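Note: the block below is target.txt and it holds compact mmCIF, C-alpha atoms.
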# COMPACT_ATOMS: atom_id res chain seq x y z
CA MET A 13 110.84 66.74 132.82
CA ALA A 14 107.74 67.72 130.82
CA LEU A 15 108.26 68.47 127.13
CA VAL A 16 105.72 69.55 124.54
CA ILE A 17 106.01 67.83 121.18
CA THR A 18 103.70 67.94 118.17
CA VAL A 19 102.86 64.53 116.74
CA ASN A 20 100.41 63.99 113.90
CA GLY A 21 99.09 67.54 114.26
CA THR A 22 98.42 67.36 118.00
CA LYS A 23 100.49 68.89 120.79
CA HIS A 24 101.37 66.42 123.53
CA THR A 25 102.97 67.06 126.89
CA VAL A 26 105.23 64.09 127.51
CA GLN A 27 107.02 63.12 130.69
CA ALA A 28 110.56 62.30 129.64
CA THR A 29 112.49 61.50 132.79
CA ASP A 30 115.60 62.14 130.71
CA PRO A 31 115.49 64.59 127.77
CA THR A 32 117.80 62.22 125.87
CA THR A 33 115.14 59.48 125.94
CA PRO A 34 114.76 58.26 122.34
CA LEU A 35 111.73 59.67 120.57
CA LEU A 36 110.72 56.10 119.65
CA TYR A 37 110.15 55.22 123.30
CA VAL A 38 107.96 58.28 123.83
CA LEU A 39 105.94 57.58 120.67
CA ARG A 40 105.30 53.95 121.54
CA ASN A 41 105.19 53.97 125.35
CA GLU A 42 103.60 57.32 126.17
CA LEU A 43 101.59 58.14 123.04
CA LYS A 44 100.76 54.47 122.30
CA LEU A 45 101.53 54.79 118.57
CA GLN A 46 102.21 51.49 116.85
CA GLY A 47 103.67 52.66 113.51
CA PRO A 48 107.34 53.10 114.37
CA HIS A 49 109.03 49.88 115.51
CA PHE A 50 112.15 49.13 117.48
CA GLY A 51 114.45 47.28 115.11
CA CYS A 52 118.19 47.58 115.60
CA GLY A 53 118.37 50.58 117.95
CA LEU A 54 121.36 51.82 115.94
CA SER A 55 119.68 53.79 113.13
CA GLN A 56 120.63 51.12 110.59
CA CYS A 57 117.41 49.29 109.70
CA GLY A 58 114.81 52.07 109.40
CA ALA A 59 111.93 50.35 111.23
CA CYS A 60 111.67 53.34 113.59
CA ALA A 61 111.46 56.04 110.91
CA VAL A 62 109.19 59.06 111.31
CA LEU A 63 108.96 62.40 109.53
CA ALA A 64 110.26 65.49 111.32
CA ASN A 65 109.26 68.61 109.41
CA ASN A 66 108.63 66.38 106.37
CA GLN A 67 112.06 64.74 106.46
CA GLN A 68 112.66 61.15 107.49
CA ILE A 69 114.56 60.65 110.74
CA ARG A 70 115.33 57.60 112.86
CA SER A 71 113.41 57.88 116.11
CA CYS A 72 115.48 55.22 117.89
CA VAL A 73 118.51 57.54 118.05
CA THR A 74 116.78 60.93 118.12
CA PRO A 75 116.40 62.33 121.64
CA VAL A 76 112.88 63.56 122.38
CA VAL A 77 114.26 66.98 123.33
CA GLY A 78 115.64 67.23 119.78
CA VAL A 79 112.17 67.33 118.21
CA VAL A 80 110.61 70.03 120.39
CA GLY A 81 109.26 72.64 117.97
CA GLN A 82 109.15 70.25 115.02
CA GLU A 83 106.12 68.58 113.44
CA ILE A 84 106.46 64.82 113.84
CA VAL A 85 104.41 62.57 111.56
CA THR A 86 104.17 58.83 112.10
CA LEU A 87 102.60 56.19 109.88
CA GLU A 88 99.29 56.89 111.62
CA GLY A 89 99.49 60.57 110.62
CA LEU A 90 100.30 60.14 106.92
CA PRO A 91 96.67 60.37 105.70
CA ALA A 92 96.15 63.71 107.49
CA LEU A 93 99.48 65.03 106.18
CA TYR A 94 98.51 64.11 102.61
CA SER A 95 95.01 65.55 103.07
CA ALA A 96 96.48 68.86 104.24
CA GLN A 97 99.05 69.01 101.43
CA LYS A 98 96.58 68.13 98.66
CA LYS A 99 93.58 69.88 100.24
CA LYS A 100 91.40 66.80 99.93
CA THR A 101 90.28 64.25 102.49
CA VAL A 102 91.69 60.73 102.30
CA THR A 103 91.37 57.72 104.57
CA LEU A 104 94.76 56.30 103.60
CA HIS A 105 97.84 57.94 102.15
CA PRO A 106 98.38 56.87 98.50
CA LEU A 107 101.46 54.94 99.65
CA GLN A 108 99.40 52.97 102.15
CA GLU A 109 96.84 52.21 99.42
CA ALA A 110 99.60 51.18 97.00
CA TRP A 111 101.16 48.92 99.65
CA ILE A 112 97.83 47.13 99.97
CA GLU A 113 97.20 46.96 96.21
CA GLU A 114 100.68 45.57 95.54
CA GLN A 115 100.42 43.19 98.51
CA THR A 116 103.82 44.45 99.60
CA PRO A 117 104.17 43.31 103.23
CA GLN A 118 105.11 39.82 104.22
CA CYS A 119 106.03 39.95 107.89
CA GLY A 120 105.36 43.71 107.85
CA TYR A 121 108.03 44.66 110.35
CA CYS A 122 109.93 47.05 108.06
CA GLN A 123 106.87 48.54 106.40
CA ASN A 124 106.60 51.56 108.70
CA GLY A 125 110.09 52.73 107.79
CA MET A 126 109.68 51.87 104.13
CA ILE A 127 106.45 53.87 103.82
CA ILE A 128 107.84 56.82 105.79
CA GLN A 129 110.97 56.93 103.62
CA ALA A 130 108.85 56.62 100.48
CA ALA A 131 106.69 59.56 101.67
CA ASP A 132 109.85 61.62 102.17
CA LEU A 133 110.99 60.66 98.65
CA LEU A 134 107.66 61.50 96.98
CA MET A 135 107.50 64.91 98.70
CA LYS A 136 110.90 65.74 97.20
CA THR A 137 110.64 63.81 93.93
CA PRO A 138 106.99 63.34 92.90
CA ASN A 139 107.76 61.03 89.96
CA PRO A 140 110.97 59.14 90.85
CA SER A 141 112.81 56.76 88.56
CA ASP A 142 113.62 53.21 89.68
CA ALA A 143 117.20 54.33 90.37
CA GLN A 144 116.00 57.24 92.53
CA ILE A 145 113.70 54.90 94.46
CA ARG A 146 116.50 52.39 95.04
CA GLN A 147 118.84 55.16 96.20
CA ALA A 148 116.26 56.64 98.59
CA MET A 149 115.29 53.26 100.03
CA ASN A 150 118.89 52.03 100.34
CA GLY A 151 119.10 52.62 104.11
CA HIS A 152 116.03 50.54 104.95
CA LEU A 153 116.23 46.80 105.47
CA CYS A 154 113.51 44.28 104.66
CA ARG A 155 114.11 40.85 106.18
CA CYS A 156 111.61 39.26 103.78
CA GLY A 157 113.12 40.77 100.63
CA THR A 158 110.01 42.45 99.24
CA TYR A 159 112.08 45.13 97.52
CA SER A 160 110.49 44.62 94.08
CA ALA A 161 107.01 45.03 95.51
CA ILE A 162 108.15 48.13 97.42
CA ILE A 163 109.40 49.72 94.19
CA ARG A 164 106.11 48.87 92.43
CA ALA A 165 104.11 50.35 95.30
CA ILE A 166 106.10 53.59 95.28
CA LYS A 167 105.69 53.92 91.51
CA ARG A 168 101.94 53.26 91.86
CA ALA A 169 101.60 55.90 94.58
CA ALA A 170 103.56 58.38 92.46
CA THR A 171 100.93 58.11 89.72
CA THR A 172 98.04 58.90 92.09
CA PRO A 173 96.22 61.96 90.73
CA ALA A 174 96.56 65.05 92.92
Just give me the structure as structure tokens.
Amino acid sequence: MALVITVNGTKHTVQATDPTTPLLYVLRNELKLQGPHFGCGLSQCGACAVLANNQQIRSCVTPVVGVVGQEIVTLEGLPALYSAQKKKTVTLHPLQEAWIEEQTPQCGYCQNGMIIQAADLLMKTPNPSDAQIRQAMNGHLCRCGTYSAIIRAIKRAATTPA
């Protein structure tokens, strides 16, 4: 079954043999995107997070047919999303820059989901408190325990001039 989905601003015709195929599999296997990761497969860790119409979803449990007509943004598409929203060209999203500046990743496995969730948070709450950050990030797991660095990176990105 051919489905048309929009990912990172580009329409793609994907060949889902089953419309209930998880979006994650289509993103990684067909579109060759490396941002979203397979973690738990149960929507509990957040490694597979993507934005659907600017809201974080878990791609491991979202059927590909469920995102037809929505704008999907992966980690790879965050700079273009930010550029379009702020009407200025950037190479990296401010969150990606802050992650580098704060030296946030250790193993890096959770970072896709953490950055995607943080982008969702900053679109809704441009200058979040520590408590708001902790609440928003609560559903994402980091095996290495870099939570303090994640909070610092989100706060740094929030102070990026528009």
Given only C-alpha atoms, how would the per-residue table for range 119-154 of chain A near range 77-99 of chain A read, listing every residue at most 8 Å away with its closest atom pair and distance in Å to one decimal, sorted by chain and number, as JSON lines?
{"residue": "A:Asn124", "atom": "CA", "partner": "A:Leu87", "partner_atom": "CA", "distance": 6.2}
{"residue": "A:Ile127", "atom": "CA", "partner": "A:Leu87", "partner_atom": "CA", "distance": 7.5}
{"residue": "A:Ile128", "atom": "CA", "partner": "A:Leu87", "partner_atom": "CA", "distance": 6.7}
So that I have them on file, write out the residues from the current selection with C-alpha atoms, as a PDB file, in the coordinates of the input.
ATOM      1  CA  ASN A 124     106.600  51.560 108.700  1.00  0.00           C
ATOM      2  CA  ILE A 127     106.450  53.870 103.820  1.00  0.00           C
ATOM      3  CA  ILE A 128     107.840  56.820 105.790  1.00  0.00           C
TER       4      ILE A 128
END
Handout entry: Contacts of Gln67 in chain A within 10 Å, only C-alpha atoms, excl. fewer than 2 positions in-chain, as a ChimeraX atom specification
Key = /A:61-65,69,83-85,128-129,131-133,135-136
Put those residues in a file: C-alpha atoms, as a JSON list (two decimals), in the frame of the given file.
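Done, and the output landed in part_34.json:
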[["chain", "number", "residue", "atom", "x", "y", "z"],
["A", 61, "ALA", "CA", 111.46, 56.04, 110.91],
["A", 62, "VAL", "CA", 109.19, 59.06, 111.31],
["A", 63, "LEU", "CA", 108.96, 62.40, 109.53],
["A", 64, "ALA", "CA", 110.26, 65.49, 111.32],
["A", 65, "ASN", "CA", 109.26, 68.61, 109.41],
["A", 69, "ILE", "CA", 114.56, 60.65, 110.74],
["A", 83, "GLU", "CA", 106.12, 68.58, 113.44],
["A", 84, "ILE", "CA", 106.46, 64.82, 113.84],
["A", 85, "VAL", "CA", 104.41, 62.57, 111.56],
["A", 128, "ILE", "CA", 107.84, 56.82, 105.79],
["A", 129, "GLN", "CA", 110.97, 56.93, 103.62],
["A", 131, "ALA", "CA", 106.69, 59.56, 101.67],
["A", 132, "ASP", "CA", 109.85, 61.62, 102.17],
["A", 133, "LEU", "CA", 110.99, 60.66, 98.65],
["A", 135, "MET", "CA", 107.50, 64.91, 98.70],
["A", 136, "LYS", "CA", 110.90, 65.74, 97.20]]
Can you tell me which residues surround Cys122 in chain A at a distance of at most 9 Å, considering only C-alpha atoms, apart from same-chain residues fewer than 3 positions away, and format the answer as a compact mmCIF listing (two decimals) with C-alpha atoms, in the coordinates of the input?
# COMPACT_ATOMS: atom_id res chain seq x y z
CA HIS A 49 109.03 49.88 115.51
CA GLY A 51 114.45 47.28 115.11
CA CYS A 57 117.41 49.29 109.70
CA GLY A 58 114.81 52.07 109.40
CA ALA A 59 111.93 50.35 111.23
CA CYS A 60 111.67 53.34 113.59
CA PRO A 117 104.17 43.31 103.23
CA CYS A 119 106.03 39.95 107.89
CA GLY A 125 110.09 52.73 107.79
CA MET A 126 109.68 51.87 104.13
CA ILE A 127 106.45 53.87 103.82
CA HIS A 152 116.03 50.54 104.95
CA LEU A 153 116.23 46.80 105.47
CA CYS A 154 113.51 44.28 104.66
CA ARG A 155 114.11 40.85 106.18
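Residue nearest Cys156 in chain A within the list A:Thr29, A:Ser71, A:Gln123, A:Gln144: A:Gln123 [criterion: smallest interatomic distance, all atoms listed in the file].
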Practice task
Have a look at CA of Ala14 in chain A and CA of Gln27 in chain A and let me know their distance in Å, one decimal.
Solution key: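 We find that CA of Ala14 in chain A and CA of Gln27 in chain A lie 4.7 Å from each other.
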Fill in the blank from the handout: In terms of all atoms listed in the file, the residue from A:Asn139, A:Gln118, A:Asn150, A:Thr103 at minimal distance from Gln56 in chain A is A:Asn150
Practice task
Using all atoms listed in the file, pick whichever of A:Ala148, A:Ala165, A:Leu15, A:Leu43 has the shortest atom-to-atom distance to Pro75 in chain A.
Solution key: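 Using all atoms listed in the file, the shortest distance to Pro75 in chain A belongs to A:Leu15.
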What would range 129-160 of chain A look like with N, CA and C atoms in place, written as a PDB file, in the frame of the given file?
ATOM      1  N   GLN A 129     109.906  56.509 104.539  1.00  0.00           N
ATOM      2  CA  GLN A 129     110.970  56.930 103.620  1.00  0.00           C
ATOM      3  C   GLN A 129     110.410  57.221 102.237  1.00  0.00           C
ATOM      4  N   ALA A 130     109.468  56.396 101.786  1.00  0.00           N
ATOM      5  CA  ALA A 130     108.850  56.620 100.480  1.00  0.00           C
ATOM      6  C   ALA A 130     108.077  57.943 100.474  1.00  0.00           C
ATOM      7  N   ALA A 131     107.408  58.280 101.577  1.00  0.00           N
ATOM      8  CA  ALA A 131     106.690  59.560 101.670  1.00  0.00           C
ATOM      9  C   ALA A 131     107.672  60.718 101.568  1.00  0.00           C
ATOM     10  N   ASP A 132     108.791  60.610 102.254  1.00  0.00           N
ATOM     11  CA  ASP A 132     109.850  61.620 102.170  1.00  0.00           C
ATOM     12  C   ASP A 132     110.295  61.761 100.721  1.00  0.00           C
ATOM     13  N   LEU A 133     110.551  60.643 100.056  1.00  0.00           N
ATOM     14  CA  LEU A 133     110.990  60.660  98.650  1.00  0.00           C
ATOM     15  C   LEU A 133     109.962  61.345  97.766  1.00  0.00           C
ATOM     16  N   LEU A 134     108.684  60.955  97.874  1.00  0.00           N
ATOM     17  CA  LEU A 134     107.660  61.500  96.980  1.00  0.00           C
ATOM     18  C   LEU A 134     107.387  62.982  97.229  1.00  0.00           C
ATOM     19  N   MET A 135     107.636  63.468  98.452  1.00  0.00           N
ATOM     20  CA  MET A 135     107.500  64.910  98.700  1.00  0.00           C
ATOM     21  C   MET A 135     108.593  65.679  97.977  1.00  0.00           C
ATOM     22  N   LYS A 136     109.765  65.076  97.850  1.00  0.00           N
ATOM     23  CA  LYS A 136     110.900  65.740  97.200  1.00  0.00           C
ATOM     24  C   LYS A 136     110.950  65.458  95.701  1.00  0.00           C
ATOM     25  N   THR A 137     110.563  64.253  95.314  1.00  0.00           N
ATOM     26  CA  THR A 137     110.640  63.810  93.930  1.00  0.00           C
ATOM     27  C   THR A 137     109.313  63.130  93.589  1.00  0.00           C
ATOM     28  N   PRO A 138     108.331  63.897  93.103  1.00  0.00           N
ATOM     29  CA  PRO A 138     106.990  63.340  92.900  1.00  0.00           C
ATOM     30  C   PRO A 138     106.897  62.186  91.897  1.00  0.00           C
ATOM     31  N   ASN A 139     107.814  62.101  90.944  1.00  0.00           N
ATOM     32  CA  ASN A 139     107.760  61.030  89.960  1.00  0.00           C
ATOM     33  C   ASN A 139     109.156  60.401  89.827  1.00  0.00           C
ATOM     34  N   PRO A 140     109.591  59.652  90.841  1.00  0.00           N
ATOM     35  CA  PRO A 140     110.970  59.140  90.850  1.00  0.00           C
ATOM     36  C   PRO A 140     111.181  57.990  89.872  1.00  0.00           C
ATOM     37  N   SER A 141     112.412  57.895  89.389  1.00  0.00           N
ATOM     38  CA  SER A 141     112.810  56.760  88.560  1.00  0.00           C
ATOM     39  C   SER A 141     113.108  55.570  89.473  1.00  0.00           C
ATOM     40  N   ASP A 142     113.256  54.391  88.878  1.00  0.00           N
ATOM     41  CA  ASP A 142     113.620  53.210  89.680  1.00  0.00           C
ATOM     42  C   ASP A 142     114.930  53.450  90.416  1.00  0.00           C
ATOM     43  N   ALA A 143     115.895  54.069  89.740  1.00  0.00           N
ATOM     44  CA  ALA A 143     117.200  54.330  90.370  1.00  0.00           C
ATOM     45  C   ALA A 143     117.053  55.283  91.551  1.00  0.00           C
ATOM     46  N   GLN A 144     116.212  56.307  91.424  1.00  0.00           N
ATOM     47  CA  GLN A 144     116.000  57.240  92.530  1.00  0.00           C
ATOM     48  C   GLN A 144     115.308  56.542  93.703  1.00  0.00           C
ATOM     49  N   ILE A 145     114.374  55.652  93.394  1.00  0.00           N
ATOM     50  CA  ILE A 145     113.700  54.900  94.460  1.00  0.00           C
ATOM     51  C   ILE A 145     114.706  54.012  95.176  1.00  0.00           C
ATOM     52  N   ARG A 146     115.504  53.280  94.422  1.00  0.00           N
ATOM     53  CA  ARG A 146     116.500  52.390  95.040  1.00  0.00           C
ATOM     54  C   ARG A 146     117.469  53.180  95.922  1.00  0.00           C
ATOM     55  N   GLN A 147     117.913  54.330  95.428  1.00  0.00           N
ATOM     56  CA  GLN A 147     118.840  55.160  96.200  1.00  0.00           C
ATOM     57  C   GLN A 147     118.190  55.640  97.493  1.00  0.00           C
ATOM     58  N   ALA A 148     116.956  56.119  97.404  1.00  0.00           N
ATOM     59  CA  ALA A 148     116.260  56.640  98.590  1.00  0.00           C
ATOM     60  C   ALA A 148     115.994  55.546  99.616  1.00  0.00           C
ATOM     61  N   MET A 149     115.671  54.355  99.132  1.00  0.00           N
ATOM     62  CA  MET A 149     115.290  53.260 100.030  1.00  0.00           C
ATOM     63  C   MET A 149     116.497  52.459 100.514  1.00  0.00           C
ATOM     64  N   ASN A 150     117.665  52.798 100.062  1.00  0.00           N
ATOM     65  CA  ASN A 150     118.890  52.030 100.340  1.00  0.00           C
ATOM     66  C   ASN A 150     119.158  51.812 101.824  1.00  0.00           C
ATOM     67  N   GLY A 151     118.804  52.747 102.686  1.00  0.00           N
ATOM     68  CA  GLY A 151     119.100  52.620 104.110  1.00  0.00           C
ATOM     69  C   GLY A 151     118.051  51.887 104.919  1.00  0.00           C
ATOM     70  N   HIS A 152     117.079  51.271 104.251  1.00  0.00           N
ATOM     71  CA  HIS A 152     116.030  50.540 104.950  1.00  0.00           C
ATOM     72  C   HIS A 152     116.140  49.060 104.616  1.00  0.00           C
ATOM     73  N   LEU A 153     116.060  48.240 105.648  1.00  0.00           N
ATOM     74  CA  LEU A 153     116.230  46.800 105.470  1.00  0.00           C
ATOM     75  C   LEU A 153     114.892  46.073 105.569  1.00  0.00           C
ATOM     76  N   CYS A 154     114.694  45.135 104.649  1.00  0.00           N
ATOM     77  CA  CYS A 154     113.510  44.280 104.660  1.00  0.00           C
ATOM     78  C   CYS A 154     113.994  42.844 104.801  1.00  0.00           C
ATOM     79  N   ARG A 155     113.676  42.231 105.918  1.00  0.00           N
ATOM     80  CA  ARG A 155     114.110  40.850 106.180  1.00  0.00           C
ATOM     81  C   ARG A 155     113.502  39.864 105.198  1.00  0.00           C
ATOM     82  N   CYS A 156     112.315  40.189 104.678  1.00  0.00           N
ATOM     83  CA  CYS A 156     111.610  39.260 103.780  1.00  0.00           C
ATOM     84  C   CYS A 156     111.991  39.457 102.320  1.00  0.00           C
ATOM     85  N   GLY A 157     112.669  40.541 102.001  1.00  0.00           N
ATOM     86  CA  GLY A 157     113.120  40.770 100.630  1.00  0.00           C
ATOM     87  C   GLY A 157     112.035  41.200  99.673  1.00  0.00           C
ATOM     88  N   THR A 158     111.097  42.023 100.121  1.00  0.00           N
ATOM     89  CA  THR A 158     110.010  42.450  99.240  1.00  0.00           C
ATOM     90  C   THR A 158     110.361  43.718  98.461  1.00  0.00           C
ATOM     91  N   TYR A 159     111.622  43.898  98.161  1.00  0.00           N
ATOM     92  CA  TYR A 159     112.080  45.130  97.520  1.00  0.00           C
ATOM     93  C   TYR A 159     111.394  45.413  96.186  1.00  0.00           C
ATOM     94  N   SER A 160     111.156  44.400  95.370  1.00  0.00           N
ATOM     95  CA  SER A 160     110.490  44.620  94.080  1.00  0.00           C
ATOM     96  C   SER A 160     109.075  45.140  94.280  1.00  0.00           C
TER      97      SER A 160
END
